[in-house]
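As provided, target_15.txt (compact mmCIF, C-alpha atoms) reads as follows.
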```txt
# COMPACT_ATOMS: atom_id res chain seq x y z
CA MET A 1 0.00 0.00 0.00
CA LYS A 2 1.10 3.55 -0.59
CA GLU A 3 -0.40 6.94 -0.01
CA ILE A 4 -0.49 10.00 -2.24
CA SER A 5 -1.12 13.57 -1.27
CA ILE A 6 -2.84 16.04 -3.57
CA THR A 7 -2.63 19.76 -3.00
CA SER A 8 -4.82 22.43 -4.52
CA SER A 9 -3.79 26.05 -4.63
CA PHE A 10 -6.10 29.06 -4.83
CA THR A 11 -5.62 32.80 -4.71
CA ILE A 12 -8.16 34.49 -2.45
CA TYR A 13 -9.25 38.09 -2.97
CA ASP A 14 -11.14 39.87 -0.19
CA ASN A 15 -13.73 41.16 -2.67
CA ILE A 16 -14.34 41.92 -6.33
CA ASN A 17 -12.55 45.30 -6.05
CA GLU A 18 -9.19 43.54 -5.52
CA LEU A 19 -9.42 41.85 -8.92
CA SER A 20 -7.72 43.30 -11.99
CA GLN A 21 -10.02 45.50 -14.06
CA ASP A 22 -10.50 42.89 -16.80
CA ILE A 23 -11.56 40.25 -14.26
CA GLN A 24 -13.82 42.75 -12.47
CA ASP A 25 -15.50 43.42 -15.82
CA LEU A 26 -15.91 39.70 -16.46
CA MET A 27 -17.32 39.11 -12.96
CA ASN A 28 -19.70 42.06 -13.32
CA GLN A 29 -21.03 40.49 -16.51
CA ALA A 30 -21.53 37.23 -14.61
CA ILE A 31 -23.40 39.16 -11.90
CA GLU A 32 -25.71 40.78 -14.45
CA ILE A 33 -26.53 37.50 -16.22
CA ARG A 34 -27.04 35.83 -12.82
CA LYS A 35 -29.97 38.19 -12.27
CA LYS A 36 -31.61 36.74 -15.39
CA ALA A 37 -31.40 33.12 -14.23
CA TYR A 38 -34.58 31.07 -14.34
CA ALA A 39 -34.60 29.57 -10.84
CA PRO A 40 -38.22 29.29 -9.62
CA TYR A 41 -37.59 26.02 -7.75
CA SER A 42 -34.25 26.44 -6.00
CA GLN A 43 -34.34 30.24 -5.82
CA PHE A 44 -30.57 29.98 -6.28
CA ARG A 45 -29.23 32.01 -9.19
CA VAL A 46 -25.89 31.45 -10.85
CA GLY A 47 -24.17 33.46 -13.56
CA ALA A 48 -21.10 32.60 -15.59
CA ALA A 49 -19.02 34.67 -17.99
CA LEU A 50 -16.32 33.18 -20.21
CA LEU A 51 -13.54 35.10 -21.92
CA LEU A 52 -12.47 33.43 -25.16
CA ASP A 53 -9.14 33.87 -26.92
CA ASN A 54 -10.95 35.63 -29.78
CA GLY A 55 -12.02 38.39 -27.37
CA LYS A 56 -15.66 37.27 -27.18
CA VAL A 57 -17.40 37.04 -23.81
CA ILE A 58 -20.00 34.28 -23.50
CA LEU A 59 -22.61 34.47 -20.75
CA GLY A 60 -24.77 31.82 -19.14
CA SER A 61 -27.24 31.58 -16.28
CA ASN A 62 -28.84 28.55 -14.69
CA GLN A 63 -32.10 27.42 -16.27
CA GLU A 64 -34.30 25.19 -14.12
CA ASN A 65 -37.10 22.86 -15.05
CA ALA A 66 -39.86 21.22 -13.00
CA ALA A 67 -38.70 17.87 -14.40
CA TYR A 68 -35.45 17.62 -12.44
CA PRO A 69 -32.70 17.19 -13.59
CA SER A 70 -33.68 18.65 -16.96
CA GLY A 71 -32.30 22.11 -16.13
CA LEU A 72 -28.82 23.33 -16.87
CA CYS A 73 -26.23 25.10 -14.75
CA ALA A 74 -24.85 28.51 -15.72
CA GLU A 75 -21.34 27.20 -16.34
CA ARG A 76 -22.51 24.49 -18.75
CA THR A 77 -24.94 26.87 -20.46
CA ALA A 78 -22.02 29.19 -21.23
CA ILE A 79 -19.48 26.48 -22.09
CA PHE A 80 -21.79 24.58 -24.43
CA TYR A 81 -22.76 27.79 -26.21
CA ALA A 82 -19.10 28.75 -26.60
CA GLY A 83 -18.32 25.29 -27.94
CA SER A 84 -21.11 25.42 -30.51
CA ALA A 85 -20.73 29.07 -31.61
CA TYR A 86 -16.91 29.23 -31.51
CA PRO A 87 -15.64 25.63 -31.73
CA GLU A 88 -12.04 26.66 -32.43
CA ALA A 89 -11.83 29.31 -29.69
CA LYS A 90 -10.13 28.61 -26.39
CA ILE A 91 -11.64 29.53 -23.04
CA LEU A 92 -9.12 31.66 -21.16
CA LYS A 93 -11.04 32.74 -18.08
CA MET A 94 -14.31 31.95 -16.37
CA ALA A 95 -16.09 34.07 -13.75
CA ILE A 96 -18.88 32.50 -11.65
CA THR A 97 -21.17 34.10 -9.11
CA ALA A 98 -24.09 32.67 -7.15
CA ALA A 99 -26.83 34.22 -5.02
CA SER A 100 -29.86 32.96 -3.18
CA ASP A 101 -33.24 34.72 -3.30
CA THR A 102 -33.75 33.83 0.37
CA ASN A 103 -30.45 34.66 2.09
CA GLN A 104 -27.22 36.47 1.24
CA THR A 105 -24.54 34.18 -0.18
CA GLN A 106 -21.18 35.25 1.25
CA ALA A 107 -19.03 32.16 0.64
CA PRO A 108 -17.49 31.54 -2.78
CA ILE A 109 -19.58 28.96 -4.66
CA PRO A 110 -17.52 26.61 -6.86
CA PRO A 111 -18.87 24.73 -9.89
CA CYS A 112 -20.85 21.55 -9.18
CA GLY A 113 -19.48 18.14 -10.15
CA SER A 114 -21.22 18.02 -13.53
CA CYS A 115 -19.89 21.46 -14.40
CA ARG A 116 -16.39 20.51 -13.28
CA GLN A 117 -16.47 17.55 -15.63
CA SER A 118 -17.69 19.74 -18.50
CA ILE A 119 -15.01 22.36 -17.83
CA ALA A 120 -12.43 19.56 -17.70
CA GLU A 121 -13.48 18.36 -21.15
CA TYR A 122 -12.79 21.78 -22.66
CA GLU A 123 -9.59 22.35 -20.71
CA ILE A 124 -8.22 19.01 -21.92
CA LYS A 125 -9.45 19.63 -25.49
CA GLN A 126 -7.78 23.02 -25.74
CA ASP A 127 -4.64 21.92 -23.88
CA ILE A 128 -4.35 25.15 -21.88
CA PRO A 129 -5.66 25.83 -18.39
CA ILE A 130 -8.82 27.83 -17.77
CA GLU A 131 -8.54 30.41 -14.99
CA ILE A 132 -11.65 30.11 -12.84
CA TYR A 133 -12.83 32.89 -10.51
CA PHE A 134 -15.80 32.21 -8.25
CA MET A 135 -17.69 34.05 -5.56
CA GLY A 136 -21.04 34.20 -3.83
CA GLU A 137 -23.18 37.32 -3.94
CA ILE A 138 -20.64 39.32 -1.93
CA GLY A 139 -17.33 38.72 -0.21
CA GLU A 140 -14.27 36.74 -1.15
CA VAL A 141 -13.40 35.70 -4.67
CA TYR A 142 -11.40 32.52 -5.20
CA LYS A 143 -9.13 32.07 -8.22
CA SER A 144 -8.06 28.68 -9.48
CA ALA A 145 -5.37 28.70 -12.17
CA SER A 146 -6.84 25.53 -13.66
CA LEU A 147 -9.77 23.16 -13.32
CA LYS A 148 -7.23 20.60 -12.06
CA ASN A 149 -7.33 22.34 -8.65
CA LEU A 150 -11.06 21.61 -8.41
CA LEU A 151 -10.98 18.15 -9.98
CA PRO A 152 -7.51 16.61 -9.58
CA PHE A 153 -8.56 13.16 -10.84
CA MET A 154 -10.14 14.19 -14.11
CA PHE A 155 -11.99 11.61 -16.18
CA ASP A 156 -11.33 12.03 -19.89
CA LYS A 157 -11.32 10.18 -23.19
CA LYS A 158 -8.07 8.34 -22.44
CA PHE A 159 -10.07 6.12 -20.05
CA LEU A 160 -12.60 5.12 -22.71
```
Translate this structure into structure tokens?
Amino acid sequence: MKEISITSSFTIYDNINELSQDIQDLMNQAIEIRKKAYAPYSQFRVGAALLLDNGKVILGSNQENAAYPSGLCAERTAIFYAGSAYPEAKILKMAITAASDTNQTQAPIPPCGSCRQSIAEYEIKQDIPIEIYFMGEIGEVYKSASLKNLLPFMFDKKFL
């Protein structure tokens, strides 16, 4: 038997104002699209903004459905649109923000497992890391230099 140790590293900003201007702009776009989420069941709204290497910004918000799990998370809404509209573009940065309609979300909210797997697919496909910034409604912003920090044992096509 042997043991391995895996370490993840994140940069933590006290709030959105500590981010560089380009990341503040990206996060503000995620905040605005979050407000347009369709979340009548969970009352939990998520917004995502992706910066592509062609300069385009792709937005996504969560879209719920009474027939769970037919809805789609904000991150996958944005990623799948980017992949279909700009299949050759690379995703450089992703900003994610989440807020509840019932209480203030202060802790950074990372992508769910399904979204992590979807982000991993694109990060592996493009062979460059995707910077991921995530926050709640207010407070700290976490930066991960790559999806590998959030999903160190990624499942990909080499296992198929």
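With distances taken over all atoms listed in the file, A:Arg45 is the one residue among A:Lys125, A:Arg45, A:Lys157, A:Lys35 lying closest to Leu72 in chain A.
Atom pair CA of Gly83 in chain A / CA of Pro129 in chain A: separated by 15.9 Å.
The interatomic distance for the pair CA of Tyr38 in chain A and CA of Asn65 in chain A works out to 8.6 Å.
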Go through range 81-146 of chain A and flag each residue having an atom no more than 9 Å from range 25-31 of chain A; for those, report the closest pair of atoms plus their distance in Å to one decimal, using only C-alpha atoms, ordered by chain and rising number, as a tab-separated table.
```
residue	atom	partner	partner_atom	distance
A:Lys93	CA	A:Leu26	CA	8.6
A:Met94	CA	A:Leu26	CA	7.9
A:Ala95	CA	A:Met27	CA	5.2
A:Ile96	CA	A:Ala30	CA	6.2
A:Thr97	CA	A:Ile31	CA	6.2
A:Ala98	CA	A:Ile31	CA	8.1
A:Tyr133	CA	A:Met27	CA	8.1
A:Phe134	CA	A:Met27	CA	8.5
A:Met135	CA	A:Met27	CA	9.0
A:Glu137	CA	A:Ile31	CA	8.2
```
Suppose we keep C-alpha atoms; can you now write the selection as a PDB file, in the coordinates of the input?
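Dumped to again.pdb:
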```pdb
ATOM      1  CA  LYS A  93     -11.040  32.740 -18.080  1.00  0.00           C
ATOM      2  CA  MET A  94     -14.310  31.950 -16.370  1.00  0.00           C
ATOM      3  CA  ALA A  95     -16.090  34.070 -13.750  1.00  0.00           C
ATOM      4  CA  ILE A  96     -18.880  32.500 -11.650  1.00  0.00           C
ATOM      5  CA  THR A  97     -21.170  34.100  -9.110  1.00  0.00           C
ATOM      6  CA  ALA A  98     -24.090  32.670  -7.150  1.00  0.00           C
ATOM      7  CA  TYR A 133     -12.830  32.890 -10.510  1.00  0.00           C
ATOM      8  CA  PHE A 134     -15.800  32.210  -8.250  1.00  0.00           C
ATOM      9  CA  MET A 135     -17.690  34.050  -5.560  1.00  0.00           C
ATOM     10  CA  GLU A 137     -23.180  37.320  -3.940  1.00  0.00           C
TER      11      GLU A 137
END
```
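Of the residues listed (A:Ala48, A:Asn54, A:Phe153, A:Val141), A:Val141 shows the shortest atom-to-atom separation from Ala107 in chain A; distances use only C-alpha atoms.
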Give as JSON, numbers by chain each residue that has an atom at most 9 Å from (-29.8, 28.1, -16.3) in the file, counting all atoms listed in the file.
{"A": [34, 36, 37, 38, 39, 45, 46, 47, 60, 61, 62, 63, 64, 71, 72, 73, 74, 75, 76, 77]}
Store the residues picked out above in a file with C-alpha atoms, as a JSON list (two decimals), keeping the file's coordinate frame.
```
[["chain", "number", "residue", "atom", "x", "y", "z"],
["A", 34, "ARG", "CA", -27.04, 35.83, -12.82],
["A", 36, "LYS", "CA", -31.61, 36.74, -15.39],
["A", 37, "ALA", "CA", -31.40, 33.12, -14.23],
["A", 38, "TYR", "CA", -34.58, 31.07, -14.34],
["A", 39, "ALA", "CA", -34.60, 29.57, -10.84],
["A", 45, "ARG", "CA", -29.23, 32.01, -9.19],
["A", 46, "VAL", "CA", -25.89, 31.45, -10.85],
["A", 47, "GLY", "CA", -24.17, 33.46, -13.56],
["A", 60, "GLY", "CA", -24.77, 31.82, -19.14],
["A", 61, "SER", "CA", -27.24, 31.58, -16.28],
["A", 62, "ASN", "CA", -28.84, 28.55, -14.69],
["A", 63, "GLN", "CA", -32.10, 27.42, -16.27],
["A", 64, "GLU", "CA", -34.30, 25.19, -14.12],
["A", 71, "GLY", "CA", -32.30, 22.11, -16.13],
["A", 72, "LEU", "CA", -28.82, 23.33, -16.87],
["A", 73, "CYS", "CA", -26.23, 25.10, -14.75],
["A", 74, "ALA", "CA", -24.85, 28.51, -15.72],
["A", 75, "GLU", "CA", -21.34, 27.20, -16.34],
["A", 76, "ARG", "CA", -22.51, 24.49, -18.75],
["A", 77, "THR", "CA", -24.94, 26.87, -20.46]]
```
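Within the 7 Å cut-off around Leu92 in chain A, using all atoms listed in the file and omitting residues fewer than 5 positions from it on the same chain, the listed residues are Leu51, Leu52, Asp53, Ile130 and Glu131 of chain A.
Computed from the coordinates, the CA of Phe159 in chain A to CA of Tyr122 in chain A distance equals 16.1 Å.
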Quick one: what's the axis-aligned box for range 44-55 of chain A, all listed atoms, 4 Å on every side, centre and edges in Å to one decimal, as lines of an AutoDock Vina configuration file?
```
center_x = -19.9
center_y = 34.2
center_z = -18.0
size_x = 29.4
size_y = 16.4
size_z = 31.5
```
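Residues surrounding Asn103 in chain A within 10 Å are Gln43, Phe44, Ala99, Ser100, Asp101, Thr105, Gln106 and Glu137 of chain A [all atoms listed in the file; sequence separation below 2 positions excluded].
Nearest-residue note for Ile6 in chain A: choosing from A:Cys115, A:Lys158, A:Lys90, A:Asn149, the minimum distance belongs to A:Asn149, counting all atoms listed in the file.
Each of A:Thr7, A:Ser144, A:Gln126, A:Ser42 was checked against Pro110 in chain A using all atoms listed in the file; the smallest atom-to-atom distance is that of A:Ser144.
Distance annotation: of A:Gln104, A:Met1, A:Ala67, A:Lys56, the residue with the minimal separation from Ala85 in chain A is A:Lys56; atom set is all atoms listed in the file.
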Practice item. Pick out the residues sitting within 10 Å of Leu150 in chain A, and hand them over as a PyMOL selection string; count all atoms listed in the file, and ignore anything fewer than 5 positions along from it in its own chain. Key: chain A and resi 8-10+110-113+116-117+120+132+144-145
